[in-house]
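Below is one structure, written out as structure tokens; the observations come after it.
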Amino acid sequence: MAPGQLQHRSLSFTSALLQITFRAWIRLERLHPRPLTLNGLKWILCILIALNFKSWPLVFHLRLSRPVFRVKLRDWWHALRVQLSPRLVGQQIEDQWLDRVPLVGTSPFDYRDVYRTRATFDECDYNVHLSNSSYSKVLDIARFETVVRLFPLLFRCGAGMALGASHFHFIREIPAFDKFEIRTSIGSWDHKWIYLVSKFVSQSRRSTPSRGRPPVQVAKRSIEPRSPQSDSDTDSGYGSSNSTPDRSTSSSPQASPSFFFESDGSLVHTVVVTQLCFKAGRITIPPSVVLASNGFCQTAPTRGPSVLPYHLPCTSSSPRSSPSPNDHALHWPQVKQIASPLHGGSLKKLFAFYSGEWRDVPEREKWWDSALGGYVEVRRSAALAQLARLKEGLECARCLT
């Protein structure tokens, strides 16, 4: 549907609704002039307050701070258990926390986080769908939930993250009062920036197949991985200016069904690429160091579809049942030597490592490079060649007058 038709339909619907409400109000006021007017105003006020409950004072801050409160409560309870236990038992509890809470043995490209919400009245514009500014507002909450689950050790030792940029691509509107999801995953990273890809999707009735009909098979648009040597110049975050995509072999995304639908049939409304960096004070931490120190590594490729179901493999509030790390996380004992008191480490040593001690590690002993090598490095380089174009385009736009 064209934007002009959508706007005309929304304005017609709004005007018709106002006319019906006004006529009903006049008829009721004639029957009960005085009392109904006061009672009606009270009801209207209550309805307006209920419809705009997300815009009440401090509601946004409470929604944004909810993962922080949850993590602080978890860490407070954990610290209380450690303090009330004997020294050796407390160190064992700390060591078990390192095996359960971080996503040890998970590939960075296998993690998907889902945030579910609804487009309420106060978040919509006069077109009766989610306004452009509301996308950023809701994404802040969803993104905060994601990074807290992804990097528990980073925030526990006192380090943090900084937002560099957000690139929005609006594809289809989200109607008012419709449920939608924000699916966030790690897109790629370079020596400074990490890119998170978030998709606003919905399971609306318009996108689901009717009963009795087979579901539509959506083709997955893949990225051809290239060797890390050919993409060495993309590690700077700018991409290669001499390389051009082969349009004869790759079709335009607008012509592919995967541009509008996910692999599970969900309708894609908006795609957002977020550019973040890690900070320990004023020191920038390489994303590979943070990813590997929080348990991410290359795993054995599994057969089957390349897109995993959208679920949470492990949340920060519900530890995993198995206390032992994945067999593929061969670098995890080296992380414990820095962060686990049972192996001579501590959170202070981890923060010092984030603050610059990673520079003193010899090139052959950089365990984070080996942990994120193999097919993870190939996929990272291929995805970075695509995502870095966004950053390069905006930097070129600075020179425009």
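Residues are named by chain letter and number: chains run A, B, ... in the order of the structure tokens, numbers start at 1 in each chain, and ligands are numbered from 1 in the order shown.
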According to DSSP computed on the backbone, where in range 10-206 of chain A is there strand (DSSP E or B)? Give the residues as a ChimeraX atom specification. /A:106,113-118,124,129-130,160-170,175,179-189,194-202
For the residues selected in the previous step, produce a file with N, CA and C atoms as a compact mmCIF listing (two decimals), in the first residue's frame.
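Now in result-v9.txt:
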```
# COMPACT_ATOMS: atom_id res chain seq x y z
N THR A 106 29.73 -20.55 23.32
CA THR A 106 28.74 -20.13 22.33
C THR A 106 29.43 -19.32 21.24
N ASP A 113 18.74 -12.66 20.73
CA ASP A 113 17.99 -12.16 21.89
C ASP A 113 16.67 -11.58 21.38
N VAL A 114 15.59 -11.83 22.10
CA VAL A 114 14.25 -11.41 21.69
C VAL A 114 13.64 -10.54 22.79
N TYR A 115 13.16 -9.38 22.39
CA TYR A 115 12.43 -8.47 23.30
C TYR A 115 11.04 -8.27 22.72
N ARG A 116 10.02 -8.59 23.49
CA ARG A 116 8.63 -8.53 23.03
C ARG A 116 7.90 -7.36 23.70
N THR A 117 7.15 -6.63 22.90
CA THR A 117 6.37 -5.50 23.42
C THR A 117 5.21 -5.24 22.47
N ARG A 118 4.53 -4.11 22.69
CA ARG A 118 3.36 -3.76 21.89
C ARG A 118 3.41 -2.26 21.57
N CYS A 124 2.48 6.06 19.10
CA CYS A 124 2.04 6.14 17.71
C CYS A 124 1.83 7.60 17.29
N HIS A 129 0.27 4.45 13.56
CA HIS A 129 1.27 3.39 13.65
C HIS A 129 2.48 3.93 14.40
N LEU A 130 3.39 3.04 14.76
CA LEU A 130 4.53 3.39 15.60
C LEU A 130 5.32 4.53 14.96
N GLY A 160 32.29 -0.77 30.72
CA GLY A 160 31.00 -0.42 30.13
C GLY A 160 31.07 -0.34 28.62
N MET A 161 30.02 0.23 28.02
CA MET A 161 29.91 0.36 26.57
C MET A 161 29.49 1.78 26.22
N ALA A 162 29.81 2.18 24.99
CA ALA A 162 29.43 3.50 24.49
C ALA A 162 28.82 3.33 23.10
N LEU A 163 27.75 4.08 22.85
CA LEU A 163 27.05 4.02 21.58
C LEU A 163 27.70 4.98 20.59
N GLY A 164 28.04 4.44 19.40
CA GLY A 164 28.65 5.27 18.38
C GLY A 164 27.68 5.75 17.33
N ALA A 165 26.77 4.87 16.88
CA ALA A 165 25.83 5.24 15.83
C ALA A 165 24.73 4.19 15.77
N SER A 166 23.61 4.58 15.18
CA SER A 166 22.48 3.68 14.92
C SER A 166 21.96 3.99 13.53
N HIS A 167 21.85 2.98 12.70
CA HIS A 167 21.39 3.13 11.33
C HIS A 167 20.03 2.43 11.21
N PHE A 168 18.98 3.18 10.88
CA PHE A 168 17.62 2.65 10.78
C PHE A 168 17.22 2.51 9.31
N HIS A 169 16.63 1.38 9.00
CA HIS A 169 16.08 1.15 7.66
C HIS A 169 14.61 0.75 7.83
N PHE A 170 13.71 1.70 7.56
CA PHE A 170 12.28 1.47 7.73
C PHE A 170 11.72 0.80 6.48
N PRO A 175 1.39 -1.19 12.94
CA PRO A 175 0.12 -0.56 13.33
C PRO A 175 -0.01 -0.44 14.85
N LYS A 179 1.36 -6.37 18.50
CA LYS A 179 2.53 -6.93 19.16
C LYS A 179 3.68 -7.05 18.15
N PHE A 180 4.89 -6.83 18.62
CA PHE A 180 6.06 -7.01 17.77
C PHE A 180 7.25 -7.42 18.62
N GLU A 181 8.28 -7.92 17.95
CA GLU A 181 9.50 -8.38 18.61
C GLU A 181 10.70 -7.63 18.05
N ILE A 182 11.70 -7.50 18.90
CA ILE A 182 12.99 -6.95 18.47
C ILE A 182 14.01 -8.07 18.63
N ARG A 183 14.50 -8.58 17.53
CA ARG A 183 15.45 -9.69 17.52
C ARG A 183 16.84 -9.13 17.26
N THR A 184 17.72 -9.30 18.23
CA THR A 184 19.05 -8.70 18.18
C THR A 184 20.11 -9.79 18.14
N SER A 185 21.09 -9.61 17.28
CA SER A 185 22.20 -10.54 17.15
C SER A 185 23.47 -9.76 16.86
N ILE A 186 24.60 -10.43 16.99
CA ILE A 186 25.90 -9.82 16.70
C ILE A 186 26.15 -9.93 15.21
N GLY A 187 26.37 -8.77 14.56
CA GLY A 187 26.62 -8.76 13.12
C GLY A 187 28.08 -8.98 12.78
N SER A 188 28.98 -8.19 13.38
CA SER A 188 30.41 -8.32 13.15
C SER A 188 31.13 -7.38 14.09
N TRP A 189 32.46 -7.31 13.97
CA TRP A 189 33.26 -6.41 14.78
C TRP A 189 34.61 -6.20 14.10
N ILE A 194 31.88 -2.91 17.58
CA ILE A 194 31.07 -4.10 17.42
C ILE A 194 29.72 -3.67 16.87
N TYR A 195 29.19 -4.44 15.93
CA TYR A 195 27.94 -4.10 15.25
C TYR A 195 26.85 -5.08 15.67
N LEU A 196 25.77 -4.54 16.23
CA LEU A 196 24.60 -5.34 16.58
C LEU A 196 23.51 -5.09 15.54
N VAL A 197 22.88 -6.15 15.09
CA VAL A 197 21.80 -6.06 14.11
C VAL A 197 20.49 -6.39 14.81
N SER A 198 19.56 -5.46 14.77
CA SER A 198 18.24 -5.63 15.41
C SER A 198 17.16 -5.55 14.34
N LYS A 199 16.20 -6.45 14.43
CA LYS A 199 15.09 -6.48 13.49
C LYS A 199 13.76 -6.37 14.25
N PHE A 200 12.94 -5.42 13.82
CA PHE A 200 11.58 -5.30 14.34
C PHE A 200 10.69 -6.21 13.48
N VAL A 201 10.16 -7.27 14.08
CA VAL A 201 9.35 -8.23 13.33
C VAL A 201 8.04 -8.45 14.09
N SER A 202 7.06 -8.99 13.38
CA SER A 202 5.76 -9.28 13.99
C SER A 202 5.19 -10.53 13.36
```
What lies within 8 Å of Ser355 in chain A using only C-alpha atoms, ignoring chain neighbours under 3 positions off, as a compact mmCIF listing (two decimals) with C-alpha atoms, in the first residue's frame?
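The result, written out as result39.txt:
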```
# COMPACT_ATOMS: atom_id res chain seq x y z
CA ALA A 280 37.33 0.66 30.68
CA GLY A 281 37.49 4.23 31.88
CA ILE A 283 40.53 3.04 27.37
CA THR A 284 38.87 1.36 24.37
CA ILE A 285 38.79 -2.43 24.64
CA PHE A 351 39.41 -4.69 35.00
CA ALA A 352 43.16 -4.06 34.88
CA TRP A 358 45.93 -7.05 27.06
```
Residue nearest Val147 in chain A among A:Phe278, A:Tyr354, A:Trp332, A:Phe259 (counting only C-alpha atoms): A:Phe278
Taking into account only C-alpha atoms, which residue in the set A:Gln298, A:Thr270, A:Ser263, A:Gln96 is nearest to Leu342 in chain A? A:Gln96
Distance criterion (only C-alpha atoms): nearest to Arg112 in chain A out of A:Glu377, A:Glu145, A:Asp360, A:Asp75: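 Closest candidate: A:Glu145.
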Sel. of alpha helix (DSSP H) residues, range 66-188 of chain A, as an MDAnalysis selection string: chainID A and resid 66:84 87:100 132:150 152:156
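Picture a line from CA of Phe69 in chain A to CA of Val271 in chain A; it runs 28.5 Å.
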Output as a tab-separated table one row per residue of range 99-165 of chain A within 10 Å of range 291-297 of chain A: the closest atom pair and its distance in Å to one decimal place, counting only C-alpha atoms, sorted by chain and residue number ascending.
```
residue	atom	partner	partner_atom	distance
A:Asp99	CA	A:Gly295	CA	8.7
A:Val101	CA	A:Asn294	CA	9.3
A:Pro102	CA	A:Asn294	CA	5.7
A:Leu103	CA	A:Gly295	CA	5.3
A:Val104	CA	A:Gly295	CA	3.8
A:Gly105	CA	A:Phe296	CA	5.7
A:Thr106	CA	A:Phe296	CA	5.1
A:Ser107	CA	A:Cys297	CA	5.2
A:Pro108	CA	A:Phe296	CA	5.9
A:Phe109	CA	A:Phe296	CA	9.4
A:Asp110	CA	A:Phe296	CA	9.9
A:Tyr111	CA	A:Phe296	CA	9.8
A:Leu150	CA	A:Asn294	CA	7.6
A:Phe151	CA	A:Asn294	CA	5.8
A:Pro152	CA	A:Asn294	CA	7.1
A:Leu153	CA	A:Asn294	CA	6.1
A:Leu154	CA	A:Asn294	CA	7.5
```
Pairwise distance for CA of Leu276 in chain A and CA of Arg143 in chain A, rounded to one decimal in Å: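 Separation between CA of Leu276 in chain A and CA of Arg143 in chain A: 10.8 Å.
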Could you tell me how far CA of Phe144 in chain A sits from CA of Gln203 in chain A, in Å to one decimal place? 23.4 Å
Pick out the closest residue to Arg87 in chain A from this set: A:Arg398, A:Pro341, A:Gly158, A:Val59. Count only C-alpha atoms.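 Of the candidates, the smallest distance to Arg87 in chain A is held by A:Pro341.
Closest approach to Gln337 in chain A among A:Tyr375, A:Ser370, A:Leu350, A:Tyr135 is made by A:Leu350 (distances from only C-alpha atoms).
Nearest to Phe261 in chain A of all the residues A:Arg100, A:Lys349, A:His191, A:Ile171 is A:Ile171, based on only C-alpha atoms.
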